[in-house]
Amino acid sequence: MLLKLLRPLLGGVLVVLLALAGPGVAPAFAAELAVSQVSLDPCPSDDIGAQPQLRRPSGASCYVLRGTVSNAGRKPVVDTDVFAQILDASGEPVLQNRSRVGSIGDVPPGDSTFALRLAVPAGTPGPFTFSNVKARGFKSPVRTRAGEFDDLLPLEQAVAG
């Protein structure tokens, strides 16, 4: 009986203690970014990521998802991921059990272009359609920062440039 009476009071005290415990730590809130001008095209045949030797049913085909991401804020959005639903000609998901297609690192204020390389299972019937393309990042870093150009893998740097 006493516990039922004290439960609301203890909950309030716990909230106050948690607020006071980390006054120097800023919470990392997610920021939604608008994505436009999206295209999904096969990798160029001379691209090292195209992997022509794997263009058989047991391999994968290389595609590049390109687009423009808009950061309407005044500060960069960091550790940004791109999400999309990509469907094949029969309406089945191309990337099974996931909607995150990749990371584009930090997005400065304004419009920025991005390019992500995707490995699509060979034999997946095209043409592909995509929907629900969005980007989500944070107002402060959520992972360890390694270096200035470490946001993109070398292959992503090649298709982005």
# chains A, B, ... in the order shown; residues from 1 in each chain; ligands from 1
$ residues_around --residues "region 91-107 of chain A" --least-positions-apart "2" --cutoff "7 Å" --atoms "only C-alpha atoms" --output "number ranges by chain"
A: 71, 76-89, 109, 112, 114, 116, 120, 151-152
$ atom_distance --atom1 "CA of Arg136 (chain A)" --atom2 "CA of Lys75 (chain A)"
14.3 Å
$ closest_residue --among "A:Asp111, A:Gly123, A:Phe128, A:Ser61" --to "Ser39 (chain A)" --atoms "only C-alpha atoms"
A:Phe128
$ closest_residue --among "A:Pro108, A:Gly59, A:Gly126, A:Pro121" --to "Leu33 (chain A)" --atoms "only C-alpha atoms"
A:Pro108
$ select_by_dssp --residues "region 71-145 of chain A" --states "strand (DSSP E or B)" --output "ChimeraX atom specification"
/A:71,77-87,93,100-107,110-121,129-138
$ closest_residue --among "A:Val38, A:Ser140, A:Ala31, A:Pro44" --to "Ala72 (chain A)" --atoms "only C-alpha atoms"
A:Ala31
